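As stored in model_19.cif (mmCIF, C-alpha atoms and all ligand atoms):
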data_data
loop_
_atom_site.label_atom_id
_atom_site.label_comp_id
_atom_site.auth_asym_id
_atom_site.auth_seq_id
_atom_site.Cartn_x
_atom_site.Cartn_y
_atom_site.Cartn_z
CA MET V 1 108.88 105.18 144.46
CA LYS V 2 108.11 103.00 141.47
CA LYS V 3 110.72 102.78 138.76
CA TYR V 4 110.37 102.67 134.99
CA TYR V 5 112.80 101.61 132.29
CA ILE V 6 112.40 102.32 128.57
CA GLN V 7 114.21 100.31 125.90
CA THR V 8 114.07 102.08 122.54
CA PHE V 9 114.75 100.55 119.14
CA GLY V 10 114.78 102.26 115.76
CA CYS V 11 114.65 105.79 114.47
CA GLN V 12 114.57 109.26 115.97
CA SER V 13 110.78 109.29 115.96
CA ASN V 14 110.89 106.39 118.39
CA LYS V 15 113.50 108.14 120.53
CA SER V 16 111.31 111.21 120.60
CA ASP V 17 108.22 109.13 121.46
CA SER V 18 110.16 107.51 124.29
CA GLU V 19 110.91 110.96 125.73
CA ARG V 20 107.15 111.50 125.82
CA VAL V 21 106.46 108.10 127.37
CA ALA V 22 109.04 109.00 130.04
CA GLY V 23 107.24 112.31 130.59
CA ASP V 24 104.03 110.43 131.23
CA TYR V 25 105.69 108.12 133.78
CA GLU V 26 107.25 111.03 135.64
CA ALA V 27 103.93 112.84 135.70
CA ARG V 28 102.57 109.74 137.45
CA GLY V 29 105.36 109.84 140.07
CA PHE V 30 107.64 107.13 138.67
CA ILE V 31 111.42 107.58 138.54
CA GLU V 32 113.72 106.30 135.84
CA THR V 33 116.11 103.43 136.41
CA LYS V 34 119.09 102.68 134.18
CA ASN V 35 118.81 98.94 134.94
CA TRP V 36 115.83 97.02 133.70
CA GLN V 37 116.55 94.45 136.44
CA ASP V 38 115.30 97.00 139.04
CA ALA V 39 112.29 98.28 137.13
CA ASP V 40 108.67 97.94 138.17
CA GLU V 41 107.61 98.64 134.60
CA ILE V 42 109.54 98.12 131.36
CA VAL V 43 108.46 99.78 128.13
CA VAL V 44 109.85 98.36 124.89
CA ASN V 45 109.51 100.86 122.07
CA THR V 46 109.87 98.72 118.96
CA CYS V 47 110.90 99.19 115.33
CA ALA V 48 109.55 97.13 112.41
CA ILE V 49 111.45 98.63 109.48
CA ARG V 50 113.44 95.41 108.89
CA GLN V 51 113.18 91.91 110.29
CA THR V 52 116.46 92.40 112.18
CA ALA V 53 114.89 95.29 114.11
CA GLU V 54 111.96 93.11 115.15
CA ASP V 55 114.36 90.32 116.12
CA ARG V 56 116.30 92.66 118.39
CA ALA V 57 113.16 93.63 120.33
CA ARG V 58 112.14 90.01 120.69
CA GLY V 59 115.65 89.08 121.81
CA PHE V 60 115.56 91.78 124.46
CA LEU V 61 112.18 90.62 125.74
CA TYR V 62 113.37 87.02 125.94
CA ASN V 63 116.44 88.09 127.91
CA VAL V 64 114.24 89.97 130.35
CA ALA V 65 111.79 87.09 130.77
CA THR V 66 114.56 84.51 131.18
CA TYR V 67 116.36 86.64 133.76
CA PHE V 68 113.37 86.95 136.05
CA GLN V 69 112.49 83.32 135.62
CA GLN V 70 116.02 82.21 136.55
CA GLN V 71 116.13 84.57 139.51
CA GLY V 72 112.77 83.29 140.66
CA LYS V 73 111.64 86.92 140.90
CA GLN V 74 108.34 88.52 140.02
CA LYS V 75 108.62 89.85 136.47
CA PRO V 76 108.01 93.62 136.08
CA LYS V 77 105.07 94.79 134.05
CA ILE V 78 106.11 94.75 130.38
CA ILE V 79 104.53 97.20 127.97
CA LEU V 80 105.13 97.02 124.23
CA THR V 81 104.76 100.07 122.00
CA GLY V 82 106.17 101.37 118.71
CA CYS V 83 105.97 100.07 115.17
CA MET V 84 105.56 96.38 116.02
CA THR V 85 102.16 97.10 117.52
CA HIS V 86 100.68 97.00 114.02
CA HIS V 87 100.86 93.19 114.17
CA GLY V 88 97.77 93.33 116.38
CA GLN V 89 97.22 92.14 119.93
CA GLU V 90 96.58 88.50 119.19
CA LYS V 91 99.76 87.93 117.21
CA LEU V 92 101.87 89.99 119.61
CA TYR V 93 100.78 88.07 122.71
CA GLU V 94 101.39 84.85 120.81
CA MET V 95 104.85 85.93 119.60
CA MET V 96 105.89 87.42 122.94
CA PRO V 97 103.88 85.94 125.80
CA MET V 98 105.81 87.96 128.38
CA ILE V 99 104.04 91.17 127.30
CA ASP V 100 101.45 92.48 129.76
CA GLU V 101 100.13 95.46 127.86
CA ILE V 102 100.23 97.06 124.43
CA LEU V 103 100.39 100.82 124.13
CA PRO V 104 99.12 101.84 120.67
CA ILE V 105 101.56 104.14 118.94
CA ASN V 106 99.06 106.95 118.41
CA GLU V 107 98.39 107.14 122.13
CA VAL V 108 101.87 108.58 122.62
CA GLY V 109 100.59 112.10 122.07
CA PHE V 110 102.53 114.99 120.58
CA ASN V 111 101.62 117.25 123.43
CA SER V 112 102.28 115.07 126.46
CA ALA V 113 104.99 115.90 128.99
CA VAL V 114 108.55 115.30 127.77
CA VAL V 115 111.65 114.17 129.64
CA ARG V 116 114.64 115.11 127.50
CA LYS V 117 118.11 113.69 127.90
CA ASP V 118 119.89 116.57 126.23
CA LYS V 119 119.89 120.10 127.63
CA LYS V 120 120.85 121.95 124.47
CA HIS V 121 119.29 120.03 121.59
CA ALA V 122 115.64 118.94 121.43
CA TRP V 123 113.61 116.72 119.09
CA VAL V 124 110.29 118.22 118.07
CA PRO V 125 107.83 115.99 116.21
CA ILE V 126 105.90 117.88 113.54
CA SER V 127 104.02 115.03 111.94
CA ALA V 128 103.13 111.40 112.48
CA GLY V 129 102.52 108.61 110.00
CA CYS V 130 103.13 108.52 106.29
CA ASN V 131 101.01 108.61 103.14
CA SER V 132 103.76 107.80 100.69
CA PHE V 133 103.39 104.03 100.52
CA CYS V 134 106.79 103.16 99.19
CA THR V 135 106.15 99.52 98.34
CA TYR V 136 108.79 98.07 100.71
CA CYS V 137 107.87 100.16 103.72
CA ILE V 138 105.89 99.23 106.80
CA VAL V 139 105.61 102.77 108.17
CA PRO V 140 102.29 103.72 106.51
CA TYR V 141 100.84 100.58 108.12
CA SER V 142 102.56 100.79 111.50
CA ARG V 143 102.21 104.52 112.02
CA GLY V 144 99.11 105.14 109.95
CA ARG V 145 98.10 108.12 107.85
CA GLU V 146 100.16 111.27 107.77
CA GLN V 147 98.98 113.77 110.31
CA SER V 148 100.56 117.16 110.62
CA ARG V 149 100.80 118.57 114.10
CA PRO V 150 99.18 122.00 114.18
CA MET V 151 101.49 124.99 113.83
CA GLU V 152 100.36 126.51 117.15
CA ASP V 153 101.24 123.31 119.06
CA ILE V 154 104.68 123.11 117.48
CA LEU V 155 105.34 126.78 118.20
CA ALA V 156 104.13 126.35 121.79
CA GLU V 157 106.63 123.52 122.27
CA VAL V 158 109.41 125.61 120.73
CA GLU V 159 108.56 128.51 123.01
CA LYS V 160 108.74 126.24 126.03
CA LEU V 161 112.12 124.96 124.83
CA VAL V 162 113.41 128.50 124.47
CA LYS V 163 112.38 129.25 128.07
CA GLU V 164 114.18 126.11 129.21
CA GLY V 165 117.36 127.27 127.46
CA TYR V 166 117.40 125.04 124.39
CA SER V 167 119.16 126.46 121.33
CA GLU V 168 119.08 123.59 118.81
CA ILE V 169 116.06 121.75 117.54
CA THR V 170 115.44 118.95 115.08
CA LEU V 171 112.01 118.77 113.50
CA LEU V 172 110.88 115.19 113.04
CA GLY V 173 108.55 113.60 110.54
CA GLN V 174 108.59 110.88 107.89
CA ASN V 175 108.16 113.55 105.26
CA VAL V 176 108.88 116.93 106.76
CA ASN V 177 108.65 118.84 103.51
CA SER V 178 105.03 117.77 103.04
CA TRP V 179 104.11 119.12 106.48
CA GLY V 180 100.69 120.75 106.36
CA LEU V 181 99.92 119.53 102.86
CA GLU V 182 97.81 116.48 103.59
CA LYS V 183 94.81 118.66 104.23
CA GLU V 184 94.87 119.60 100.58
CA GLY V 185 94.98 115.93 99.67
CA ILE V 186 98.39 116.46 98.12
CA GLY V 187 100.06 113.91 100.35
CA LEU V 188 98.04 111.17 98.74
CA ARG V 189 99.24 111.80 95.23
CA LYS V 190 101.88 109.12 95.25
CA LEU V 191 99.47 106.49 96.43
CA MET V 192 96.90 107.41 93.84
CA MET V 193 99.46 107.48 91.06
CA ARG V 194 100.49 103.98 91.91
CA GLN V 195 96.99 102.63 92.31
CA GLU V 196 95.96 104.04 88.99
CA ARG V 197 98.49 101.77 87.40
CA GLU V 198 97.44 98.88 89.59
CA LEU V 199 100.94 98.47 90.87
CA SER V 200 102.11 97.12 87.54
CA ARG V 201 105.57 97.39 86.10
CA GLU V 202 105.05 99.91 83.38
CA GLU V 203 107.38 102.36 81.86
CA ILE V 204 107.80 105.46 83.97
CA PRO V 205 105.71 108.22 82.46
CA ASP V 206 107.45 111.48 81.63
CA ASN V 207 105.39 113.35 84.16
CA ALA V 208 106.05 110.93 87.02
CA THR V 209 107.92 113.53 88.97
CA GLN V 210 105.86 116.56 88.16
CA TYR V 211 104.04 116.91 91.40
CA GLU V 212 101.66 119.68 91.88
CA GLN V 213 103.30 122.24 94.10
CA PRO V 214 101.39 124.16 96.71
CA LYS V 215 100.46 127.68 95.77
CA GLY V 216 102.30 130.38 97.69
CA ILE V 217 104.80 129.66 100.44
CA PRO V 218 104.70 125.95 101.38
CA PRO V 219 103.55 125.40 104.98
CA PHE V 220 106.87 123.81 105.98
CA VAL V 221 108.77 126.91 104.86
CA GLN V 222 106.36 129.06 106.88
CA LEU V 223 107.02 126.87 109.89
CA LEU V 224 110.79 127.25 109.52
CA GLN V 225 110.36 131.01 109.28
CA GLU V 226 108.22 131.16 112.41
CA ILE V 227 110.67 129.07 114.45
CA SER V 228 113.60 131.13 113.21
CA LYS V 229 112.08 134.27 114.75
CA HIS V 230 113.31 133.12 118.16
CA ASP V 231 116.75 134.69 118.67
CA GLU V 232 117.57 131.96 121.19
CA ILE V 233 117.20 129.20 118.58
CA LYS V 234 120.55 128.98 116.83
CA VAL V 235 120.33 125.70 114.87
CA ILE V 236 117.36 124.10 113.14
CA ARG V 237 117.57 120.64 111.59
CA PHE V 238 114.88 118.48 110.05
CA ILE V 239 114.50 114.85 109.06
CA THR V 240 113.44 113.32 106.80
CA SER V 241 113.11 115.24 103.55
CA ASN V 242 112.17 113.31 100.47
CA PRO V 243 112.76 114.20 96.83
CA TRP V 244 109.07 114.94 96.30
CA ASP V 245 107.50 118.08 97.74
CA PHE V 246 110.98 119.63 97.93
CA HIS V 247 109.80 123.05 96.86
CA ASP V 248 112.16 125.62 95.31
CA LEU V 249 111.12 128.00 98.06
CA LEU V 250 112.39 125.48 100.63
CA ILE V 251 115.77 125.50 98.89
CA ASP V 252 115.75 129.31 98.98
CA GLU V 253 114.83 129.27 102.67
CA ILE V 254 117.74 126.99 103.54
CA ALA V 255 120.06 129.09 101.39
CA THR V 256 119.12 132.36 103.08
CA ASN V 257 118.45 131.23 106.64
CA PRO V 258 121.76 130.74 108.47
CA LYS V 259 120.04 128.90 111.33
CA ILE V 260 119.17 125.95 109.13
CA ASP V 261 121.78 123.22 109.30
CA ARG V 262 123.60 122.51 106.06
CA PHE V 263 123.19 118.75 106.31
CA ILE V 264 120.22 117.51 104.28
CA HIS V 265 119.15 113.91 104.51
CA LEU V 266 117.68 113.04 101.12
CA PRO V 267 116.95 109.33 100.59
CA ILE V 268 117.36 108.06 97.02
CA GLN V 269 116.78 104.29 97.73
CA SER V 270 118.04 103.21 94.29
CA GLY V 271 119.88 104.61 91.29
CA SER V 272 117.81 102.55 88.84
CA ASN V 273 114.60 104.10 87.53
CA LYS V 274 113.05 100.68 87.13
CA VAL V 275 113.66 99.85 90.79
CA LEU V 276 112.53 103.32 91.88
CA TYR V 277 109.30 102.75 90.02
CA ASP V 278 108.75 99.36 91.62
CA MET V 279 109.44 100.98 94.96
CA ASN V 280 106.75 103.58 94.19
CA ARG V 281 109.15 106.37 94.98
CA GLY V 282 107.46 108.60 92.44
CA TYR V 283 110.62 110.21 91.05
CA THR V 284 113.39 109.32 88.65
CA LYS V 285 117.10 109.59 89.21
CA GLU V 286 117.11 112.50 86.74
CA HIS V 287 114.70 114.34 89.02
CA TYR V 288 116.89 113.59 92.04
CA ARG V 289 119.99 114.75 90.15
CA GLU V 290 118.30 118.01 89.24
CA LEU V 291 117.20 118.58 92.84
CA VAL V 292 120.76 118.00 94.10
CA ARG V 293 122.11 120.31 91.41
CA LYS V 294 119.78 123.08 92.58
CA LEU V 295 120.63 122.45 96.23
CA ARG V 296 124.38 122.61 95.56
CA GLU V 297 124.03 125.65 93.35
CA LYS V 298 121.98 127.67 95.80
CA ILE V 299 123.58 126.34 99.02
CA PRO V 300 127.30 125.97 98.26
CA ASP V 301 128.14 124.47 101.66
CA VAL V 302 125.28 121.94 101.64
CA VAL V 303 126.14 118.38 102.74
CA ILE V 304 123.84 115.67 101.46
CA GLY V 305 123.23 112.24 102.93
CA THR V 306 121.02 109.43 101.71
CA ASP V 307 119.35 106.06 102.32
CA ILE V 308 119.66 103.18 99.87
CA ILE V 309 118.13 99.71 99.79
CA VAL V 310 120.08 96.96 98.04
CA GLY V 311 118.57 93.67 96.95
CA PHE V 312 115.07 94.95 96.27
CA PRO V 313 113.11 92.26 94.34
CA GLY V 314 114.20 92.14 90.72
CA GLU V 315 117.27 94.37 91.24
CA THR V 316 119.64 93.08 88.57
CA GLU V 317 123.39 93.48 88.50
CA GLU V 318 122.80 96.29 85.99
CA ASP V 319 120.34 98.04 88.28
CA PHE V 320 122.81 97.74 91.12
CA ASN V 321 125.65 99.07 88.98
CA GLU V 322 123.49 102.07 88.13
CA THR V 323 123.19 102.74 91.86
CA VAL V 324 126.96 102.38 92.25
CA GLU V 325 127.58 104.83 89.40
CA PHE V 326 125.01 107.22 90.81
CA ALA V 327 126.66 107.05 94.22
CA LYS V 328 129.98 108.03 92.67
CA GLU V 329 128.32 110.88 90.83
CA MET V 330 126.34 112.19 93.81
CA ASN V 331 129.22 112.00 96.26
CA TRP V 332 126.93 111.73 99.27
CA LYS V 333 128.76 112.36 102.51
CA LEU V 334 126.76 109.79 104.43
CA GLY V 335 124.59 106.89 103.38
CA PHE V 336 122.53 104.40 105.32
CA VAL V 337 122.62 101.35 103.11
CA ALA V 338 120.10 98.64 104.01
CA GLN V 339 119.51 95.14 102.71
CA TYR V 340 115.93 94.62 101.54
CA SER V 341 113.81 92.93 104.14
CA PRO V 342 110.29 91.90 103.04
CA ARG V 343 107.70 93.29 105.44
CA PRO V 344 104.51 91.27 105.57
CA GLY V 345 101.52 93.33 104.47
CA THR V 346 103.42 95.77 102.27
CA ALA V 347 102.93 95.99 98.50
CA SER V 348 106.38 94.64 97.60
CA TRP V 349 105.80 91.68 99.89
CA ARG V 350 102.49 90.98 98.18
CA LEU V 351 103.62 91.57 94.62
CA TYR V 352 107.25 90.61 94.26
CA LYS V 353 109.27 87.64 95.37
CA ASP V 354 112.30 88.34 97.55
CA THR V 355 114.57 87.07 94.78
CA ILE V 356 118.03 88.27 95.73
CA PRO V 357 119.92 85.78 97.91
CA GLN V 358 121.15 86.93 101.31
CA LYS V 359 124.79 86.57 100.29
CA GLU V 360 124.29 88.73 97.23
CA LYS V 361 122.48 91.41 99.26
CA LYS V 362 125.43 91.47 101.62
CA ARG V 363 127.92 91.74 98.73
CA ARG V 364 126.00 94.70 97.27
CA TRP V 365 125.72 96.29 100.70
CA GLU V 366 129.49 96.08 101.24
CA ILE V 367 130.32 97.60 97.87
CA LEU V 368 127.97 100.57 98.30
CA ASP V 369 128.72 101.19 101.94
CA LYS V 370 132.42 101.38 101.12
CA ILE V 371 131.90 103.81 98.27
CA ILE V 372 129.59 106.16 100.15
CA ASN V 373 130.96 106.01 103.67
CA LYS V 374 134.68 105.75 102.94
CA ASP V 375 135.50 109.27 104.08
CA ASN V 376 132.57 109.49 106.37
CA LEU V 377 131.79 112.53 108.43
CA SER V 378 133.63 112.03 111.68
CA VAL V 379 130.61 113.06 113.67
CA ARG V 380 127.43 111.61 112.28
CA PRO V 381 124.73 114.26 112.20
CA HIS V 382 121.44 113.76 113.97
CA VAL V 383 119.96 111.18 111.66
CA VAL V 384 118.56 107.68 112.19
N1 LIG D 401 113.95 96.72 103.89
C1 LIG D 401 115.14 97.37 103.96
N2 LIG D 401 115.26 98.67 104.23
C2 LIG D 401 114.13 99.38 104.44
N3 LIG D 401 113.93 100.68 104.72
C3 LIG D 401 112.61 100.88 104.84
N4 LIG D 401 111.94 99.74 104.67
C4 LIG D 401 112.87 98.78 104.39
C5 LIG D 401 112.80 97.39 104.10
N5 LIG D 401 111.64 96.76 104.02
C6 LIG D 401 115.00 101.66 104.80
C7 LIG D 401 114.83 102.78 103.77
C8 LIG D 401 114.40 103.95 104.62
C9 LIG D 401 115.11 103.67 105.92
C10 LIG D 401 114.54 104.37 107.09
O1 LIG D 401 115.00 102.26 106.08
O2 LIG D 401 116.08 103.03 103.16
O3 LIG D 401 114.77 105.20 104.06
FE1 LIG D 402 108.37 104.61 104.32
FE2 LIG D 402 108.36 105.89 101.97
FE3 LIG D 402 106.96 106.86 104.06
FE4 LIG D 402 109.63 106.95 104.12
S1 LIG D 402 108.30 108.04 102.65
S2 LIG D 402 108.28 106.31 105.80
S3 LIG D 402 110.19 105.07 103.04
S4 LIG D 402 106.58 104.93 102.97
#

Translate the structure described by the file into structure tokens.
Amino acid sequence: MKKYYIQTFGCQSNKSDSERVAGDYEARGFIETKNWQDADEIVVNTCAIRQTAEDRARGFLYNVATYFQQQGKQKPKIILTGCMTHHGQEKLYEMMPMIDEILPINEVGFNSAVVRKDKKHAWVPISAGCNSFCTYCIVPYSRGREQSRPMEDILAEVEKLVKEGYSEITLLGQNVNSWGLEKEGIGLRKLMMRQERELSREEIPDNATQYEQPKGIPPFVQLLQEISKHDEIKVIRFITSNPWDFHDLLIDEIATNPKIDRFIHLPIQSGSNKVLYDMNRGYTKEHYRELVRKLREKIPDVVIGTDIIVGFPGETEEDFNETVEFAKEMNWKLGFVAQYSPRPGTASWRLYKDTIPQKEKKRRWEILDKIINKDNLSVRPHVV
């Protein structure tokens, strides 16, 4: 029997996609091998969020190619998928000549067969892509426009999981709380807001954070309610939530639904309003503070984690100190602190110079990481 091996880099969405790629292989009669040296086909599921992530995938591919060359053995078929595919075929084959095939990310379907590693907890993708266009981020380019998976397909997958004995699920999407909203055009608000101002550095308008909220119960809350109807499902998690589209009714749902995990991943990215604006995050730190206040008031046992980028272009010492002060105030229990990495093609790459030296980025990273993760949760929840 032919053997496949999948090497996955990056976030949970990639891990979930890899489970679906594995499902496809097994449907075609392949079996998994734990050693890429024995594989007939190797899939490399790549991440492009930072340069270091791309470098890791390239490093892995070079190791593979060198090994087979040195052994004088026929190289297995190498298939590249994931977020690096946005570079386009020509560039990819030039960068990594050992690749035989490119599997476009959107061909890893939501509804294909899944081979899961865990028997109790399952990842369930609810959307793909992103419409938020944070200026530093490659995801809207690599994964394309936000697309919500239909409710009936999600519920069908949950039902199947229940039959298979699963009791914990994590709903996955770049922006779970905007699930189902893009049809109303709401998901594009951030982009339009930014384009209206031609990506200039203007003062943040007072209404920057006053997003239109959907009328009635937001679709994501309805989805949580539907999934919760299964007695067999005991724990529901979701990543990632963002400070926009975090409806009051979602807070109420978490507060009153004991199945929803108390850990909320809520990226801030910066504690400086100027930097937040340049990042096109579409909210201010005051808005974030108010959201956290509501969450903690209504859900007393809530645990909040975050993502922060240090060294974004133009981030002054003062901006950074604002983030440090905000970190102390927020008391996040977990924070993924990243050093800014310019991604070719994104707005920040086009508009701003990568001005902060590497050493300074590292210094800022160390300070923040220490403050936020000093008494880290001993078991990291299911994020990143
Ligand atoms: N440079 C550094 N960090 C980034 N992230 C996204 N894009 C970049 C970039 N260009 C971080 C953000 C995001 C997390 C998944 O990765 O903090 O929330
Ligand atoms: Fe990237 Fe922003 Fe979309 Fe998150 S919300 S994937 S940071 S563009």

Centre, x/y/z edge lengths, axis-aligned box for region 103-106 of chain V with 5 Å per side, as JSON:
{"center_x": 100.3, "center_y": 103.9, "center_z": 121.3, "size_x": 12.5, "size_y": 16.1, "size_z": 15.7}

Report as a Markdown table the residues of chain V within 7 Å of ligand LIG 402 (chain D), each with its shortest atom pair and distance in Å (one decimal), using only C-alpha atoms and all ligand atoms, ordered by chain and increasing residue number.
| residue | atom | partner | partner_atom | distance |
| --- | --- | --- | --- | --- |
| V:Cys130 | CA | D:LIG402 | FE3 | 4.7 |
| V:Asn131 | CA | D:LIG402 | FE3 | 6.3 |
| V:Ser132 | CA | D:LIG402 | S4 | 4.6 |
| V:Phe133 | CA | D:LIG402 | S4 | 4.1 |
| V:Cys134 | CA | D:LIG402 | S4 | 4.2 |
| V:Cys137 | CA | D:LIG402 | FE1 | 4.5 |
| V:Ile138 | CA | D:LIG402 | FE1 | 6.4 |
| V:Val139 | CA | D:LIG402 | S2 | 5.0 |
| V:Pro140 | CA | D:LIG402 | S4 | 5.7 |
| V:Gln174 | CA | D:LIG402 | S2 | 5.0 |
| V:Asn175 | CA | D:LIG402 | S1 | 6.1 |
| V:Asn242 | CA | D:LIG402 | S1 | 6.9 |

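Of the residues under consideration (V:Val292, V:Leu80, V:Cys11, V:Val221), V:Cys11 shows the shortest atom-to-atom contact distance to ligand LIG 401 (chain D) when counting all atoms listed in the file.
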
Requested in this report: Considering all atoms listed in the file, return as a list in words whatever protein or nucleic-acid residues lie within 7 Å of Thr81 (chain V), sequence-local ones (same chain, fewer than 3 positions apart) excluded.
Outcome: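 My list of contacting residues is Val44, Asn45, Thr46, Thr85, Ile102, Leu103, Pro104 and Ile105 of chain V.
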
Report task. Return as a ChimeraX atom specification every polymer residue, whether protein, DNA or RNA, with at least one atom no more than 10 Å from an atom of ligand LIG 401 (chain D); count all atoms listed in the file. Result -> /V:10-11,48-52,134-139,174,240,242,265-270,306-312,335-344,346,348-349,383-384

Report task. Counting only C-alpha atoms, figure out which residue out of V:Tyr62, V:Trp332, V:Tyr166, V:Tyr283 gets nearest to Ile99 (chain V). Result ->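 The closest residue to Ile99 (chain V) is V:Tyr62.
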
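Between Ile299 (chain V) and the residues V:Ile264, V:Ile356, V:Met96, V:Val275, the shortest atom-to-atom distance, using all atoms listed in the file, involves V:Ile264.
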
Query - Option closest in space to Ala22 (chain V), from V:Arg58, V:Arg116, V:Arg149, V:Lys274 [counting all atoms listed in the file] - result: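 Nearest to Ala22 (chain V): V:Arg116.
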
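Ranking V:Ala39, V:Ile78, V:Met95, V:Ile126 by their shortest atom-to-atom distance to Tyr4 (chain V), with only C-alpha atoms included, puts V:Ala39 first.
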
Query raised in the report: If you measure from CA of Asn321 (chain V) to CA of Ser272 (chain V), what distance in Å do you get, rounded to one decimal?
Result: 8.6 Å

Query raised in the report: In Å, how far is it from CA of Gln70 (chain V) to CA of Tyr5 (chain V)?
Result: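 Those two atoms sit 20.1 Å apart.
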
Requested in this report: Quick one: everything within 7 Å of Val235 (chain V), counting all atoms listed in the file, minus sequence neighbours fewer than 2 positions away in the same chain. Send it as a list of chain:residue names.
Outcome: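 Everything that qualifies: V:Ser167, V:Glu168, V:Ile169, V:Ile233, V:Arg237, V:Lys259, V:Ile260, V:Asp261.
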
Query raised in the report: Out of V:Val162, V:Leu181, V:Ala327, V:Leu61, which residue has the shortest atom-to-atom distance to His230 (chain V) when counting all atoms listed in the file?
Result: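 When distances to His230 (chain V) are compared using all atoms listed in the file, the smallest one comes from V:Val162.
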
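Separating CA of Lys370 (chain V) from CA of Arg56 (chain V) is a distance of 25.2 Å.
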
All heavy atoms are needed for region 104-109 of chain V; please write them out as a short mmCIF file (atom, residue, chain, number, x, y, z; two decimals), keeping the file's coordinate frame.
data_model
loop_
_atom_site.label_atom_id
_atom_site.label_comp_id
_atom_site.auth_asym_id
_atom_site.auth_seq_id
_atom_site.Cartn_x
_atom_site.Cartn_y
_atom_site.Cartn_z
N PRO V 104 99.18 101.48 122.09
CA PRO V 104 99.12 101.84 120.67
C PRO V 104 99.94 103.10 120.40
O PRO V 104 99.95 104.04 121.22
CB PRO V 104 97.64 102.09 120.40
CG PRO V 104 96.93 101.40 121.51
CD PRO V 104 97.85 101.45 122.70
N ILE V 105 100.60 103.09 119.26
CA ILE V 105 101.56 104.14 118.94
C ILE V 105 100.93 105.54 118.93
O ILE V 105 101.53 106.51 119.36
CB ILE V 105 102.19 103.79 117.58
CG1 ILE V 105 103.54 104.40 117.43
CG2 ILE V 105 101.30 104.13 116.41
CD1 ILE V 105 104.36 103.70 116.37
N ASN V 106 99.66 105.61 118.48
CA ASN V 106 99.06 106.95 118.41
C ASN V 106 98.56 107.46 119.76
O ASN V 106 98.06 108.57 119.87
CB ASN V 106 97.95 107.00 117.36
CG ASN V 106 97.02 105.84 117.48
OD1 ASN V 106 97.05 105.11 118.49
ND2 ASN V 106 96.18 105.63 116.48
N GLU V 107 98.74 106.64 120.80
CA GLU V 107 98.39 107.14 122.13
C GLU V 107 99.57 107.87 122.78
O GLU V 107 99.45 108.42 123.87
CB GLU V 107 97.89 106.00 123.02
CG GLU V 107 96.46 105.65 122.68
CD GLU V 107 95.89 104.54 123.53
OE1 GLU V 107 96.40 104.31 124.64
OE2 GLU V 107 94.92 103.91 123.05
N VAL V 108 100.73 107.79 122.13
CA VAL V 108 101.87 108.58 122.62
C VAL V 108 101.69 109.96 121.97
O VAL V 108 102.08 110.19 120.86
CB VAL V 108 103.22 107.95 122.17
CG1 VAL V 108 104.39 108.75 122.72
CG2 VAL V 108 103.29 106.51 122.61
N GLY V 109 101.03 110.84 122.68
CA GLY V 109 100.59 112.10 122.07
C GLY V 109 101.74 113.06 121.83
O GLY V 109 102.75 113.02 122.52
#
